[in-house]
Amino acid sequence: MPQAKKCSIKCCPKNLPFSQALPSFSLIQLTLFSIMTTPSLLHFLALILSFSYIFGSVDSVVPKNPKNFIKDSCKFTPYSDVCVRSLSPHAKTIQQNRHQLALTALTVSLAAIGSTKANLLKLTNIKGLKPTEYGALKDCLDQIGESVNQLSQSAREIERLGTVRGEEYTWHKNNVDTWNRDALKQMDTCLVGFSNKALDGKIKAVVAGQVFNVEQLINNAIVLFHYLSGIENQSQALFKED
C-alpha cells in the first residue's frame, strides 16, 4: 500500500494552529478511516485528528478570558452595562465559573446595599429634615436591613448548591429564589414610604437613586442565578437518582 503523503508547508501553514491546519473530518469518517486502514500509526493519527477537531471547535465557542465570559453572561441580564461594570473588577475570582459568577453578583449587591444604608444614615442627621422625611428614612433603613439579611442567607445557600443534588439541591435553590425576591420587595417597600407628594424633594431623589442602583444589581443577580440553576438542573438530570 502506498505511504501517506507527507504534509508540505503549503498544506500546513506555519501560522495556523494544528487544529485549523488539519482537515475537519467528522468522527464517523475518522473511525471508518482507522478501521479500513492499517492499525497502529494510522489509527493513532485518526485519534489525534478527532481530538484536534473537538478541541478546535470548543476553542471557538469558549470565551478567551474571564472578562469576555462576564460580558457574554451579562447579555442575559436586564441591566447588562451595570452587570459588566460591577462584575468585571472581580474577573480573577469569577474566571469562567458560573457558580462563582452568581455568588459574586449577590455579594456585589450586598456591598451596594451596605453603602446605601450608610448613605441613608447620614441623611437622617441632616439639619432641617422634615419629621415625615425622617420617618420615611427610618422605615427605609429597616427595610434595607431586612434585605441585607435575606441576601446574606441567599449567598450562603448558593455556596451550598455546589455540594448537593436531587431534592436537597431543589430545596436550597428554592430558598435562594425566595430570599432574592423578598430582598427586592423590601427595597420596593422602602420607596413606597416616599410616595407621598409632600415628601418630594432632594431627600426623596437621593433615596430613589440609591435604591434604584441596588435594585438593578439584585435584578441582575437573580437572572444570573436562574441562568446558573438552569444549567445545573440539566446536569442534575444526567445524574438523577433512581
# chains A, B, ... in the order shown; residues from 1 in each chain; ligands from 1
>>> residues_around(residues="Thr116 in chain A", least_positions_apart="2", cutoff="10 Å", atoms="only C-alpha atoms", output="PyMOL selection string")
chain A and resi 110-114+118-122+141+144+207+209-211+213-214
>>> residues_around(residues="Gln216 in chain A", least_positions_apart="4", cutoff="7 Å", atoms="only C-alpha atoms", output="short mmCIF file (atom, residue, chain, number, x, y, z; two decimals) with N, CA and C atoms, in the first residue's frame")
data_model
loop_
_atom_site.label_atom_id
_atom_site.label_comp_id
_atom_site.auth_asym_id
_atom_site.auth_seq_id
_atom_site.Cartn_x
_atom_site.Cartn_y
_atom_site.Cartn_z
N TYR A 79 -30.02 44.71 33.09
CA TYR A 79 -29.13 45.89 33.11
C TYR A 79 -27.72 45.42 32.79
N PHE A 212 -32.59 52.54 43.49
CA PHE A 212 -32.65 52.03 42.11
C PHE A 212 -31.34 51.36 41.72
N ASN A 220 -30.12 41.82 38.38
CA ASN A 220 -29.09 41.12 37.60
C ASN A 220 -28.66 39.83 38.29
#
>>> residues_around(residues="His90 in chain A", least_positions_apart="6", cutoff="12 Å", atoms="only C-alpha atoms", output="list in words")
Pro66, Lys67, Phe69, Ile70, Cys83, Val84, Gln96, Asn97, Gln100, Leu101, Ala102, Leu103, Thr104, Ala105, Thr107 and Val108 of chain A
>>> write_last_selection(atoms="N, CA, C and O atoms", output="compact mmCIF listing (two decimals), in the first residue's frame")
# COMPACT_ATOMS: atom_id res chain seq x y z
N PRO A 66 -11.72 35.68 31.35
CA PRO A 66 -12.84 35.88 32.28
C PRO A 66 -13.70 37.10 31.97
O PRO A 66 -14.92 37.05 32.16
N LYS A 67 -13.10 38.19 31.51
CA LYS A 67 -13.89 39.39 31.22
C LYS A 67 -14.86 39.15 30.06
O LYS A 67 -15.98 39.67 30.06
N PHE A 69 -16.10 36.25 29.37
CA PHE A 69 -17.10 35.36 29.97
C PHE A 69 -18.16 36.18 30.71
O PHE A 69 -19.36 35.92 30.60
N ILE A 70 -17.72 37.20 31.44
CA ILE A 70 -18.65 38.06 32.16
C ILE A 70 -19.54 38.84 31.19
O ILE A 70 -20.76 38.93 31.37
N CYS A 83 -24.22 45.28 34.91
CA CYS A 83 -23.70 43.93 35.21
C CYS A 83 -22.21 43.84 34.90
O CYS A 83 -21.42 43.39 35.73
N VAL A 84 -21.83 44.28 33.70
CA VAL A 84 -20.43 44.21 33.29
C VAL A 84 -19.55 45.08 34.19
O VAL A 84 -18.48 44.66 34.65
N GLN A 96 -14.16 31.54 34.73
CA GLN A 96 -15.26 31.15 33.84
C GLN A 96 -16.19 30.19 34.57
O GLN A 96 -16.73 29.25 33.99
N ASN A 97 -16.39 30.48 35.86
CA ASN A 97 -17.19 29.62 36.74
C ASN A 97 -18.56 30.26 36.97
O ASN A 97 -18.66 31.32 37.60
N GLN A 100 -19.52 30.74 40.66
CA GLN A 100 -18.84 31.88 41.26
C GLN A 100 -19.41 33.20 40.72
O GLN A 100 -19.47 34.20 41.44
N LEU A 101 -19.83 33.18 39.47
CA LEU A 101 -20.45 34.36 38.87
C LEU A 101 -21.73 34.74 39.62
O LEU A 101 -21.93 35.91 39.98
N ALA A 102 -22.59 33.77 39.86
CA ALA A 102 -23.85 34.03 40.57
C ALA A 102 -23.60 34.49 42.00
O ALA A 102 -24.26 35.41 42.50
N LEU A 103 -22.64 33.85 42.66
CA LEU A 103 -22.32 34.22 44.03
C LEU A 103 -21.73 35.62 44.11
O LEU A 103 -22.09 36.42 44.99
N THR A 104 -20.84 35.95 43.18
CA THR A 104 -20.23 37.28 43.17
C THR A 104 -21.27 38.36 42.89
O THR A 104 -21.23 39.44 43.49
N ALA A 105 -22.20 38.09 41.98
CA ALA A 105 -23.26 39.06 41.68
C ALA A 105 -24.07 39.37 42.94
O ALA A 105 -24.47 40.52 43.17
N THR A 107 -22.92 39.01 46.17
CA THR A 107 -22.08 39.70 47.15
C THR A 107 -21.86 41.16 46.74
O THR A 107 -21.74 42.04 47.61
N VAL A 108 -21.81 41.42 45.43
CA VAL A 108 -21.72 42.80 44.95
C VAL A 108 -22.99 43.57 45.33
O VAL A 108 -22.93 44.74 45.73
>>> closest_residue(among="A:Pro78, A:Gly128, A:Gly201, A:Gly162", to="Arg98 in chain A", atoms="only C-alpha atoms")
A:Gly162
>>> residues_around(residues="Leu137 in chain A", least_positions_apart="5", cutoff="9 Å", atoms="only C-alpha atoms", output="ChimeraX atom specification")
/A:120-121,123-124,132,142,190,193-194,203,207
>>> residues_around(residues="Asn65 in chain A", least_positions_apart="6", cutoff="10 Å", atoms="only C-alpha atoms", output="JSON, numbers by chain")
{"A": [91, 92, 95, 96]}
>>> select_by_dssp(residues="range 27-228 of chain A", states="helix (DSSP H, G or I)", output="PyMOL selection string")
chain A and resi 27-36+41-61+66-74+80-94+98-123+131-161+166-192+197-199+202-228
>>> closest_residue(among="A:Arg160, A:Lys130, A:Lys197, A:Lys185", to="Glu146 in chain A", atoms="only C-alpha atoms")
A:Lys185
>>> atom_distance(atom1="CA of His99 in chain A", atom2="CA of Gln186 in chain A")
25.3 Å
>>> atom_distance(atom1="CA of Gln153 in chain A", atom2="CA of Asp177 in chain A")
11.0 Å
>>> atom_distance(atom1="CA of Ala221 in chain A", atom2="CA of Asn174 in chain A")
14.9 Å
